[in-house]
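> Hey, dropping protein_25.csv in here, CSV, C-alpha atoms:
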```csv
chain,number,residue,atom,x,y,z
T,1,MET,CA,118.3,172.6,20.6
T,2,SER,CA,115.9,175.5,20.0
T,3,THR,CA,116.5,178.9,21.5
T,4,LYS,CA,114.5,179.9,24.6
T,5,ILE,CA,113.7,183.4,25.7
T,6,ALA,CA,114.7,184.0,29.3
T,7,PHE,CA,115.3,187.1,31.4
T,8,ASP,CA,117.8,188.5,33.7
T,9,GLU,CA,116.8,189.7,37.2
T,10,SER,CA,117.2,193.3,35.9
T,11,ALA,CA,114.3,192.7,33.5
T,12,SER,CA,112.0,190.9,36.0
T,13,LYS,CA,109.7,193.9,36.2
T,14,ALA,CA,109.4,194.3,32.4
T,15,ILE,CA,108.4,190.6,32.2
T,16,LEU,CA,105.9,190.9,35.0
T,17,GLU,CA,104.3,194.0,33.3
T,18,GLN,CA,103.8,191.9,30.2
T,19,PHE,CA,101.5,189.7,32.3
T,20,ASP,CA,99.7,192.7,33.9
T,21,LYS,CA,101.6,192.4,37.2
T,22,THR,CA,103.7,194.9,39.1
T,23,VAL,CA,105.5,195.3,42.4
T,24,ASP,CA,104.0,197.0,45.5
T,25,ASP,CA,105.8,199.3,47.9
T,26,SER,CA,107.0,196.4,50.0
T,27,GLY,CA,108.6,194.7,46.9
T,28,TYR,CA,106.0,192.0,46.4
T,29,VAL,CA,104.6,190.9,43.0
T,30,VAL,CA,101.0,192.1,42.7
T,31,GLU,CA,98.1,192.1,40.2
T,32,GLU,CA,98.3,195.5,38.4
T,33,ASP,CA,94.5,196.1,38.5
T,34,THR,CA,93.7,195.0,42.1
T,35,GLY,CA,97.0,195.3,43.9
T,36,ASN,CA,96.5,191.8,45.3
T,37,ARG,CA,99.7,189.9,45.9
T,38,VAL,CA,100.1,186.9,43.7
T,39,LEU,CA,100.8,183.5,45.3
T,40,THR,CA,103.2,180.7,44.5
T,41,PRO,CA,101.9,177.1,44.2
T,42,ASP,CA,102.8,176.8,47.9
T,43,GLY,CA,100.5,179.7,48.7
T,44,GLU,CA,103.3,182.1,49.6
T,45,GLU,CA,103.5,185.7,48.6
T,46,LEU,CA,106.4,186.4,46.2
T,47,PRO,CA,109.1,189.1,46.7
T,48,LEU,CA,110.4,190.4,43.3
T,49,GLU,CA,113.9,189.0,43.9
T,50,GLN,CA,112.4,185.6,44.4
T,51,PHE,CA,110.5,185.8,41.1
T,52,ALA,CA,112.0,183.0,39.0
T,53,GLY,CA,109.5,182.9,36.1
T,54,ILE,CA,106.0,182.3,35.1
T,55,ALA,CA,104.4,179.1,33.8
T,56,LYS,CA,101.1,178.2,32.4
T,57,GLY,CA,98.4,176.6,34.5
T,58,SER,CA,96.8,179.3,34.2
T,59,GLU,CA,99.5,181.5,35.6
T,60,ILE,CA,102.0,179.9,38.0
T,61,PHE,CA,104.5,182.1,39.7
T,62,ILE,CA,107.7,180.2,40.3
T,63,GLU,CA,109.7,181.0,43.4
T,64,ASP,CA,113.5,180.9,43.3
T,65,ASN,CA,113.8,178.1,45.8
T,66,PHE,CA,115.4,174.7,45.2
T,67,VAL,CA,112.3,172.7,46.5
T,68,SER,CA,109.9,174.9,44.4
T,69,LEU,CA,112.1,174.4,41.3
T,70,ILE,CA,112.1,170.6,41.8
T,71,ASN,CA,108.3,170.6,42.2
T,72,TYR,CA,108.0,172.8,39.1
T,73,VAL,CA,110.2,170.4,37.0
T,74,ASN,CA,108.1,167.4,38.2
T,75,ARG,CA,105.0,169.2,37.0
T,76,ARG,CA,106.6,170.3,33.7
T,77,THR,CA,107.8,166.7,33.1
T,78,SER,CA,104.5,165.1,33.9
T,79,ASN,CA,102.8,167.5,31.4
T,80,GLU,CA,105.1,166.7,28.6
Y,1,MET,CA,111.0,177.7,22.5
Y,2,ALA,CA,110.8,181.0,20.9
Y,3,ASP,CA,110.0,181.4,17.2
Y,4,GLU,CA,113.5,181.7,16.0
Y,5,GLU,CA,112.8,183.4,12.7
Y,6,ARG,CA,110.7,186.2,14.3
Y,7,LEU,CA,113.3,186.6,17.0
Y,8,GLN,CA,116.1,186.7,14.5
Y,9,ASP,CA,114.3,189.4,12.5
Y,10,LEU,CA,113.7,191.5,15.6
Y,11,ILE,CA,117.3,191.2,16.7
Y,12,ASP,CA,118.6,192.1,13.2
Y,13,SER,CA,116.3,195.2,13.3
Y,14,LEU,CA,118.0,196.5,16.4
Y,15,GLY,CA,120.6,198.1,14.3
Y,16,ASP,CA,123.6,196.6,16.1
Y,17,SER,CA,126.7,196.5,13.8
Y,18,THR,CA,127.4,192.9,14.8
Y,19,GLU,CA,125.3,190.1,13.3
Y,20,PHE,CA,124.2,187.4,15.7
Y,21,ASP,CA,122.8,184.0,14.7
Y,22,VAL,CA,120.0,183.4,17.2
Y,23,THR,CA,119.9,179.7,16.5
Y,24,ILE,CA,123.3,178.9,17.9
Y,25,TYR,CA,122.3,180.1,21.4
Y,26,ASP,CA,120.4,178.1,24.0
Y,27,ARG,CA,118.9,181.3,25.4
Y,28,VAL,CA,118.1,184.9,24.4
Y,29,THR,CA,118.0,186.8,27.7
Y,30,PHE,CA,116.3,190.1,28.2
Y,31,GLU,CA,118.1,192.5,30.4
Y,32,HIS,CA,117.8,196.1,31.6
Y,33,ARG,CA,121.2,197.8,31.6
Y,34,GLU,CA,122.2,201.5,31.7
Y,35,GLU,CA,124.3,201.2,28.6
Y,36,ASP,CA,123.9,201.8,24.8
Y,37,ARG,CA,124.7,198.3,23.6
Y,38,ALA,CA,121.5,196.6,22.5
Y,39,VAL,CA,122.8,193.1,21.8
Y,40,TYR,CA,125.8,191.2,23.0
Y,41,GLU,CA,127.1,187.7,23.5
Y,42,LYS,CA,126.9,187.0,27.2
Y,43,SER,CA,128.4,183.5,26.9
Y,44,GLY,CA,128.7,180.8,24.3
Y,45,GLU,CA,125.1,179.8,25.2
Y,46,VAL,CA,123.5,183.1,25.9
Y,47,LEU,CA,122.7,186.1,23.7
Y,48,ALA,CA,121.7,189.2,25.8
Y,49,VAL,CA,119.3,191.9,24.6
Y,50,ASN,CA,119.3,195.1,26.6
Y,51,LEU,CA,115.7,196.4,26.6
Y,52,GLN,CA,116.9,199.7,27.9
Y,53,ALA,CA,118.8,200.4,24.7
Y,54,VAL,CA,116.0,199.7,22.2
Y,55,ASN,CA,113.2,202.0,21.2
Y,56,PRO,CA,109.7,201.4,22.9
Y,57,GLU,CA,108.2,199.8,19.8
Y,58,LYS,CA,111.0,197.2,19.5
Y,59,ARG,CA,110.9,196.7,23.2
Y,60,GLU,CA,107.3,195.9,23.1
Y,61,ALA,CA,107.8,193.5,20.2
Y,62,LEU,CA,110.5,191.7,22.1
Y,63,LEU,CA,108.4,191.4,25.2
Y,64,ASP,CA,105.5,190.1,23.0
Y,65,GLU,CA,107.8,187.3,22.0
Y,66,ALA,CA,108.2,186.3,25.7
Y,67,SER,CA,104.4,186.3,25.9
Y,68,LYS,CA,104.1,184.2,22.8
Y,69,GLN,CA,106.6,181.7,24.2
Y,70,PHE,CA,104.5,181.5,27.4
Y,71,GLN,CA,101.3,180.9,25.3
Y,72,GLU,CA,103.0,178.3,23.1
Y,73,GLN,CA,105.6,176.6,25.3
Y,74,GLY,CA,104.1,177.3,28.7
Y,75,GLU,CA,106.9,179.1,30.5
Y,76,VAL,CA,109.1,182.2,30.6
Y,77,LEU,CA,111.9,181.7,33.2
Y,78,ARG,CA,114.7,183.8,34.6
Y,79,GLU,CA,118.0,182.9,32.9
Y,80,ASP,CA,119.6,181.2,35.9
Y,81,ILE,CA,116.3,179.4,36.7
Y,82,SER,CA,116.0,178.2,33.1
Y,83,GLU,CA,119.5,176.7,33.4
Y,84,GLU,CA,118.8,175.3,36.9
Y,85,THR,CA,115.5,173.6,36.0
Y,86,ASP,CA,117.1,172.0,32.9
Y,87,ALA,CA,120.0,170.8,35.2
Y,88,ILE,CA,117.4,169.4,37.7
Y,89,GLU,CA,115.6,167.6,34.9
Y,90,ALA,CA,118.9,166.1,33.8
Y,91,ASP,CA,119.9,165.1,37.3
Y,92,GLN,CA,116.5,163.4,37.8
Y,93,SER,CA,117.5,160.8,35.2
Y,94,ASP,CA,120.7,160.0,37.0
Y,95,PRO,CA,120.5,156.2,37.8
Y,96,HIS,CA,121.5,156.7,41.5
Y,97,VAL,CA,118.9,159.4,42.0
Y,98,GLN,CA,116.2,157.3,40.4
Y,99,GLU,CA,117.2,154.2,42.2
Y,100,THR,CA,117.1,155.9,45.6
Y,101,LEU,CA,113.8,157.7,45.0
Y,102,GLU,CA,112.2,154.5,43.7
Y,103,PHE,CA,113.3,152.5,46.7
Y,104,PHE,CA,111.7,154.8,49.2
Y,105,ASP,CA,108.7,155.7,47.2
Y,106,GLY,CA,105.6,154.5,49.0
Y,107,ILE,CA,107.4,153.2,52.1
Y,108,ILE,CA,107.9,156.7,53.6
Y,109,TYR,CA,105.4,159.6,53.9
Y,110,GLU,CA,105.1,161.8,50.8
Y,111,ARG,CA,106.5,164.9,52.6
Y,112,HIS,CA,109.6,162.9,53.5
Y,113,GLN,CA,109.9,161.7,49.9
Y,114,SER,CA,109.9,165.3,48.8
Y,115,MET,CA,112.7,166.0,51.3
Y,116,LEU,CA,114.6,163.0,50.1
Y,117,GLU,CA,114.2,164.1,46.5
Y,118,ALA,CA,115.6,167.5,47.4
Y,119,ALA,CA,118.5,165.8,49.3
Y,120,VAL,CA,119.6,163.5,46.5
Y,121,LEU,CA,119.3,166.3,43.9
Y,122,LEU,CA,121.3,168.6,46.2
Y,123,GLN,CA,124.1,166.0,46.0
Y,124,LYS,CA,124.2,166.6,42.3
Y,125,VAL,CA,124.3,170.3,42.8
Y,126,ALA,CA,127.3,169.9,45.1
Y,127,GLU,CA,129.1,167.6,42.6
Y,128,GLN,CA,128.6,170.2,39.8
Y,129,GLY,CA,129.3,173.3,42.0
Y,130,ARG,CA,125.9,174.9,41.3
Y,131,GLY,CA,125.5,177.0,44.5
Y,132,PHE,CA,125.2,174.2,47.2
Y,133,LYS,CA,125.0,176.5,50.2
Y,134,GLN,CA,122.3,178.7,48.8
Y,135,ARG,CA,120.2,175.6,47.7
Y,136,ARG,CA,120.7,173.9,51.1
Y,137,GLN,CA,119.5,177.0,52.8
Y,138,GLN,CA,116.4,177.0,50.6
Y,139,ILE,CA,115.7,173.4,51.6
Y,140,TYR,CA,115.8,174.7,55.2
Y,141,ASN,CA,113.5,177.5,54.4
Y,142,LYS,CA,110.9,175.1,53.0
Y,143,PHE,CA,111.2,172.1,55.3
Y,144,GLY,CA,113.0,173.4,58.4
Y,145,GLN,CA,115.5,171.3,60.3
Y,146,LYS,CA,113.8,168.0,59.1
Y,147,GLY,CA,114.8,168.8,55.6
Y,148,ILE,CA,118.4,169.3,56.7
Y,149,ASN,CA,118.3,166.1,58.7
Y,150,VAL,CA,117.2,164.1,55.6
Y,151,ASN,CA,119.9,165.9,53.7
Y,152,ASN,CA,122.6,164.9,56.2
Y,153,LEU,CA,121.3,161.3,56.3
Y,154,CYS,CA,121.4,161.1,52.6
Y,155,ASN,CA,124.9,162.7,52.3
Y,156,SER,CA,126.2,160.3,54.9
Y,157,GLY,CA,125.1,157.3,52.9
Y,158,TYR,CA,122.3,156.0,55.1
Y,159,THR,CA,119.8,156.0,52.2
Y,160,HIS,CA,122.2,154.4,49.7
Y,161,GLU,CA,121.9,150.9,48.4
Y,162,ASP,CA,124.0,149.4,51.2
Y,163,GLY,CA,122.9,152.1,53.7
Y,164,TYR,CA,121.5,151.5,57.2
Y,165,LEU,CA,118.0,152.8,56.5
Y,166,ARG,CA,117.5,150.2,53.8
Y,167,GLU,CA,118.9,147.5,56.1
Y,168,LEU,CA,116.4,148.7,58.8
Y,169,TYR,CA,113.5,148.5,56.3
Y,170,TYR,CA,114.4,145.0,55.3
Y,171,GLU,CA,114.7,143.9,58.9
Y,172,MET,CA,111.3,145.4,59.8
Y,173,GLU,CA,109.6,144.1,56.7
Y,174,ASP,CA,110.8,140.6,57.6
Y,175,SER,CA,109.0,140.7,60.9
Y,176,GLU,CA,105.7,138.8,61.0
Y,177,SER,CA,103.8,141.7,62.5
Y,178,TYR,CA,105.1,144.2,60.0
Y,179,ASP,CA,102.7,146.9,58.8
Y,180,ALA,CA,103.5,149.6,56.2
Y,181,ARG,CA,103.0,152.3,58.8
Y,182,ASN,CA,105.8,150.9,61.0
Y,183,PHE,CA,108.7,151.9,58.8
Y,184,ARG,CA,107.0,155.2,57.8
Y,185,ASP,CA,106.6,156.1,61.5
Y,186,ILE,CA,110.1,155.1,62.5
Y,187,PHE,CA,111.4,157.1,59.4
Y,188,SER,CA,109.5,160.1,60.7
Y,189,GLU,CA,111.1,159.8,64.1
Y,190,ILE,CA,114.5,159.4,62.5
Y,191,VAL,CA,113.9,162.5,60.4
Y,192,GLU,CA,112.8,164.5,63.5
Y,193,ASN,CA,115.3,163.4,66.0
Y,194,THR,CA,118.2,161.7,64.1
Y,195,PRO,CA,118.5,159.2,67.0
Y,196,PHE,CA,121.6,157.4,65.7
Y,197,THR,CA,123.6,160.3,64.4
Y,198,VAL,CA,125.3,163.4,65.7
Y,199,PHE,CA,126.3,165.6,62.8
Y,200,VAL,CA,129.1,167.9,64.0
Y,201,ASN,CA,129.5,171.4,62.7
Y,202,ARG,CA,132.1,174.1,63.2
Y,203,ASP,CA,130.1,175.9,65.9
Y,204,GLN,CA,130.1,172.9,68.2
Y,205,THR,CA,132.5,172.3,71.0
Y,206,ALA,CA,133.7,168.8,72.0
Y,207,TRP,CA,131.7,169.1,75.2
Y,208,ASN,CA,128.5,169.9,73.2
Y,209,VAL,CA,129.1,167.0,71.0
Y,210,ALA,CA,129.7,164.6,73.9
Y,211,ILE,CA,126.4,165.8,75.6
Y,212,GLU,CA,124.5,165.4,72.4
Y,213,ALA,CA,125.9,161.8,71.9
Y,214,ARG,CA,125.1,161.0,75.5
Y,215,ASN,CA,121.5,162.2,75.1
Y,216,LYS,CA,121.1,160.2,71.9
Y,217,ILE,CA,122.4,157.0,73.5
Y,218,ALA,CA,120.2,157.6,76.5
Y,219,SER,CA,117.1,158.1,74.5
Y,220,GLN,CA,117.5,155.2,72.1
Y,221,LYS,CA,115.5,152.9,74.4
Y,222,ARG,CA,112.3,154.9,73.8
Y,223,TYR,CA,112.2,153.9,70.1
Y,224,ARG,CA,110.4,150.8,68.8
Y,225,VAL,CA,113.5,149.5,67.1
Y,226,GLU,CA,116.9,148.9,68.4
Y,227,PHE,CA,119.5,151.0,66.6
Y,228,ASP,CA,122.5,149.5,68.4
Y,229,PHE,CA,124.8,152.4,67.5
Y,230,VAL,CA,125.3,156.1,67.5
Y,231,ASP,CA,127.4,157.6,64.8
Y,232,ILE,CA,129.3,160.9,65.4
Y,233,ARG,CA,130.1,162.4,62.0
Y,234,GLY,CA,132.1,165.4,60.8
Y,235,ILE,CA,133.9,166.8,57.8
Y,236,GLY,CA,137.0,168.9,57.9
Y,237,ARG,CA,140.1,169.0,60.1
Y,238,ARG,CA,138.6,171.1,62.8
Y,239,ASN,CA,135.5,168.8,63.2
Y,240,ILE,CA,137.7,165.7,63.2
Y,241,GLU,CA,139.6,167.2,66.2
Y,242,THR,CA,136.4,168.1,67.9
Y,243,ILE,CA,135.1,164.6,67.5
Y,244,ASN,CA,138.2,163.0,68.8
Y,245,GLU,CA,138.1,165.2,71.8
Y,246,ALA,CA,134.3,164.5,72.2
Y,247,VAL,CA,134.9,160.8,72.4
Y,248,SER,CA,137.2,161.3,75.4
Y,249,GLU,CA,134.7,163.6,77.0
Y,250,LEU,CA,131.9,161.1,76.4
Y,251,GLU,CA,134.0,158.3,78.1
Y,252,GLU,CA,134.3,160.6,81.1
Y,253,LEU,CA,130.5,161.1,81.1
Y,254,ILE,CA,129.3,157.5,80.6
Y,255,GLY,CA,132.3,155.3,81.1
Y,256,GLU,CA,134.1,153.2,78.5
Y,257,PHE,CA,132.4,151.8,75.4
Y,258,ASP,CA,133.4,150.1,72.2
Y,259,PHE,CA,133.6,152.3,69.2
Y,260,GLU,CA,134.9,152.0,65.6
Y,261,GLU,CA,136.5,155.0,63.9
Y,262,GLN,CA,136.5,155.4,60.1
Y,263,THR,CA,138.4,158.3,58.6
Y,264,LYS,CA,138.4,159.1,54.9
Y,265,GLU,CA,140.5,162.1,53.8
Y,266,TYR,CA,138.8,164.9,55.8
Y,267,GLU,CA,135.7,162.9,56.9
Y,268,ILE,CA,135.3,161.0,60.1
Y,269,ARG,CA,132.7,158.6,61.5
Y,270,VAL,CA,132.9,157.3,65.0
Y,271,ARG,CA,130.4,154.5,65.5
Y,272,ILE,CA,129.6,153.8,69.2
Y,273,ASP,CA,128.3,150.4,69.9
Y,274,THR,CA,125.5,151.3,72.3
Y,275,ASN,CA,125.2,147.7,73.5
Y,276,THR,CA,128.6,148.1,75.2
Y,277,VAL,CA,127.5,151.2,77.2
Y,278,THR,CA,127.0,150.2,80.8
Y,279,THR,CA,125.6,153.4,82.2
Y,280,SER,CA,121.9,152.9,82.9
Y,281,PHE,CA,120.7,156.6,82.4
Y,282,ASP,CA,118.1,156.1,85.0
Y,283,ASP,CA,118.2,159.8,86.0
```
Please re-express this file's structure in structure tokens.


Amino acid sequence: MSTKIAFDESASKAILEQFDKTVDDSGYVVEEDTGNRVLTPDGEELPLEQFAGIAKGSEIFIEDNFVSLINYVNRRTSNE
Amino acid sequence: MADEERLQDLIDSLGDSTEFDVTIYDRVTFEHREEDRAVYEKSGEVLAVNLQAVNPEKREALLDEASKQFQEQGEVLREDISEETDAIEADQSDPHVQETLEFFDGIIYERHQSMLEAAVLLQKVAEQGRGFKQRRQQIYNKFGQKGINVNNLCNSGYTHEDGYLRELYYEMEDSESYDARNFRDIFSEIVENTPFTVFVNRDQTAWNVAIEARNKIASQKRYRVEFDFVDIRGIGRRNIETINEAVSELEELIGEFDFEEQTKEYEIRVRIDTNTVTTSFDD
């Protein structure tokens, strides 16, 4: 099995910055240039502690929620 | 997957005295720790790189590798999520999971199918001890009480191969006037009101349970199908005691009725035959 790069919660901000995102004063993930909060596929705003990762399509922000993860896996599997 | 050769060169260049072979790990996890150690083995599967302990140039190069993985492989996930999504994918190929989802696919509403998928996969989480309580709460956060009801129905075996919900479907399908919407709609009502089940938890008293059972027996007449029973279910010694007491309280409320008790280790099901309840509930 090939090695995947992942990140620990402590490095969430560093990963987000890599994608031109940051965190606002209330702790939500926002676009660095506009300050607009990013949305999950369910249309929900995303607190930093719920940030589970980012996926292509073009940029999908994954929420740390069991149902969201199942939906993400279904999407990932159907794209394979 | 990351480009292992590039990642290996980068990790080798961090100047750590220990040599690590990137290829033997499932994941290389980036962290931010207030310590000098730049690379260490977090577990047999995970090599950790502390971004705080590397110079800005190397830090940028490492983060660029994450971006490249995103571009090439389509995702960069938190370590625990990376593990969890792989586990979910593996669980989805479990024959029991597949069989259950395939059976209900198309005969219940899509939103209920999503709830059912979460419920059957949560059973795998429980079996493997992967944070059941947290994941169950997350199902509640997304679907509310209906999600928990589907979970309880699934956990109690009603969706299994010999489960009541399948029996009900076959019964309805056999009817000459059957329309696909019939079962979907009755499934909706079951998910919303759980008309034939009382799931007992630690916060309930015997009296509360008896009242809930009484109300479910009384309201069964308003459904388009005859359920013929109400199950009172509970897990754990305390809930078993509560249920036994509740049955006596219920007899005081509605008179005698036939019931069948099944106890398996610390699990109980009392099935009340609602056809033997003589109270009319006209009030």

> Could you give me, as a PDB file with C-alpha atoms, in the frame of the given file, the residues within 8 Å of Glu34 in chain Y, counting all atoms listed in the file and dropping anything in the same chain fewer than 2 positions from it?


```
ATOM      1  CA  HIS Y  32     117.800 196.100  31.600  1.00  0.00           C
ATOM      2  CA  ASP Y  36     123.900 201.800  24.800  1.00  0.00           C
ATOM      3  CA  GLN Y  52     116.900 199.700  27.900  1.00  0.00           C
ATOM      4  CA  ALA Y  53     118.800 200.400  24.700  1.00  0.00           C
TER       5      ALA Y  53
END
```

> Using all atoms listed in the file, select each residue of chain T with any atom at most 12 Å away from an atom of chain Y, and give the selection as a PDB file with C-alpha atoms, in the coordinates of the input.


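Dumped everything to part-v4.pdb:
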```pdb
ATOM      1  CA  MET T   1     118.300 172.600  20.600  1.00  0.00           C
ATOM      2  CA  SER T   2     115.900 175.500  20.000  1.00  0.00           C
ATOM      3  CA  THR T   3     116.500 178.900  21.500  1.00  0.00           C
ATOM      4  CA  LYS T   4     114.500 179.900  24.600  1.00  0.00           C
ATOM      5  CA  ILE T   5     113.700 183.400  25.700  1.00  0.00           C
ATOM      6  CA  ALA T   6     114.700 184.000  29.300  1.00  0.00           C
ATOM      7  CA  PHE T   7     115.300 187.100  31.400  1.00  0.00           C
ATOM      8  CA  ASP T   8     117.800 188.500  33.700  1.00  0.00           C
ATOM      9  CA  GLU T   9     116.800 189.700  37.200  1.00  0.00           C
ATOM     10  CA  SER T  10     117.200 193.300  35.900  1.00  0.00           C
ATOM     11  CA  ALA T  11     114.300 192.700  33.500  1.00  0.00           C
ATOM     12  CA  SER T  12     112.000 190.900  36.000  1.00  0.00           C
ATOM     13  CA  LYS T  13     109.700 193.900  36.200  1.00  0.00           C
ATOM     14  CA  ALA T  14     109.400 194.300  32.400  1.00  0.00           C
ATOM     15  CA  ILE T  15     108.400 190.600  32.200  1.00  0.00           C
ATOM     16  CA  LEU T  16     105.900 190.900  35.000  1.00  0.00           C
ATOM     17  CA  GLU T  17     104.300 194.000  33.300  1.00  0.00           C
ATOM     18  CA  GLN T  18     103.800 191.900  30.200  1.00  0.00           C
ATOM     19  CA  PHE T  19     101.500 189.700  32.300  1.00  0.00           C
ATOM     20  CA  ASP T  20      99.700 192.700  33.900  1.00  0.00           C
ATOM     21  CA  ASP T  42     102.800 176.800  47.900  1.00  0.00           C
ATOM     22  CA  GLU T  44     103.300 182.100  49.600  1.00  0.00           C
ATOM     23  CA  LEU T  48     110.400 190.400  43.300  1.00  0.00           C
ATOM     24  CA  GLU T  49     113.900 189.000  43.900  1.00  0.00           C
ATOM     25  CA  GLN T  50     112.400 185.600  44.400  1.00  0.00           C
ATOM     26  CA  PHE T  51     110.500 185.800  41.100  1.00  0.00           C
ATOM     27  CA  ALA T  52     112.000 183.000  39.000  1.00  0.00           C
ATOM     28  CA  GLY T  53     109.500 182.900  36.100  1.00  0.00           C
ATOM     29  CA  ILE T  54     106.000 182.300  35.100  1.00  0.00           C
ATOM     30  CA  ALA T  55     104.400 179.100  33.800  1.00  0.00           C
ATOM     31  CA  LYS T  56     101.100 178.200  32.400  1.00  0.00           C
ATOM     32  CA  GLY T  57      98.400 176.600  34.500  1.00  0.00           C
ATOM     33  CA  SER T  58      96.800 179.300  34.200  1.00  0.00           C
ATOM     34  CA  GLU T  59      99.500 181.500  35.600  1.00  0.00           C
ATOM     35  CA  ILE T  60     102.000 179.900  38.000  1.00  0.00           C
ATOM     36  CA  PHE T  61     104.500 182.100  39.700  1.00  0.00           C
ATOM     37  CA  ILE T  62     107.700 180.200  40.300  1.00  0.00           C
ATOM     38  CA  GLU T  63     109.700 181.000  43.400  1.00  0.00           C
ATOM     39  CA  ASP T  64     113.500 180.900  43.300  1.00  0.00           C
ATOM     40  CA  ASN T  65     113.800 178.100  45.800  1.00  0.00           C
ATOM     41  CA  PHE T  66     115.400 174.700  45.200  1.00  0.00           C
ATOM     42  CA  VAL T  67     112.300 172.700  46.500  1.00  0.00           C
ATOM     43  CA  SER T  68     109.900 174.900  44.400  1.00  0.00           C
ATOM     44  CA  LEU T  69     112.100 174.400  41.300  1.00  0.00           C
ATOM     45  CA  ILE T  70     112.100 170.600  41.800  1.00  0.00           C
ATOM     46  CA  ASN T  71     108.300 170.600  42.200  1.00  0.00           C
ATOM     47  CA  TYR T  72     108.000 172.800  39.100  1.00  0.00           C
ATOM     48  CA  VAL T  73     110.200 170.400  37.000  1.00  0.00           C
ATOM     49  CA  ASN T  74     108.100 167.400  38.200  1.00  0.00           C
ATOM     50  CA  ARG T  75     105.000 169.200  37.000  1.00  0.00           C
ATOM     51  CA  ARG T  76     106.600 170.300  33.700  1.00  0.00           C
ATOM     52  CA  THR T  77     107.800 166.700  33.100  1.00  0.00           C
ATOM     53  CA  SER T  78     104.500 165.100  33.900  1.00  0.00           C
ATOM     54  CA  ASN T  79     102.800 167.500  31.400  1.00  0.00           C
ATOM     55  CA  GLU T  80     105.100 166.700  28.600  1.00  0.00           C
TER      56      GLU T  80
END
```

> Quick check, in Å to one decimal: how far apart do CA of Ala246 in chain Y and CA of Leu168 in chain Y lie?

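These atoms are spaced 27.4 Å apart.
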
> Rounded to one decimal in Å, what is the spacing between CA of Val39 in chain Y and CA of Glu57 in chain Y?

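So the two atoms, CA of Val39 in chain Y and CA of Glu57 in chain Y, lie 16.2 Å apart.
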
> For range 255-263 of chain Y, work out the shell of residues within 8 Å, counting all atoms listed in the file and skipping chain neighbours fewer than 6 positions away, then give it as a list of chain:residue names.

Y:Arg269, Y:Val270, Y:Arg271, Y:Ile272, Y:Asp273, Y:Thr274, Y:Thr276, Y:Val277, Y:Thr278, Y:Thr279

> Mind pulling up the distance from CA of Ile190 in chain Y to CA of Arg222 in chain Y?

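Pair CA of Arg222 in chain Y / CA of Ile190 in chain Y returns 12.4 Å.
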
> Could you name the residues that touch Ile268 in chain Y at 10 Å or less, counting all atoms listed in the file, but leaving out those on the same chain fewer than 5 positions away, as number ranges by chain?

Y: 231-237, 239-241, 243-244, 261-263

> Do you know which residues are at most 10 Å from range 101-111 of chain Y counting only C-alpha atoms, after dropping those on the same chain fewer than 2 positions away, and could you put them as a ChimeraX atom specification?

/Y:92,95-99,113-117,120,143,147,159-161,165-166,169,180-188
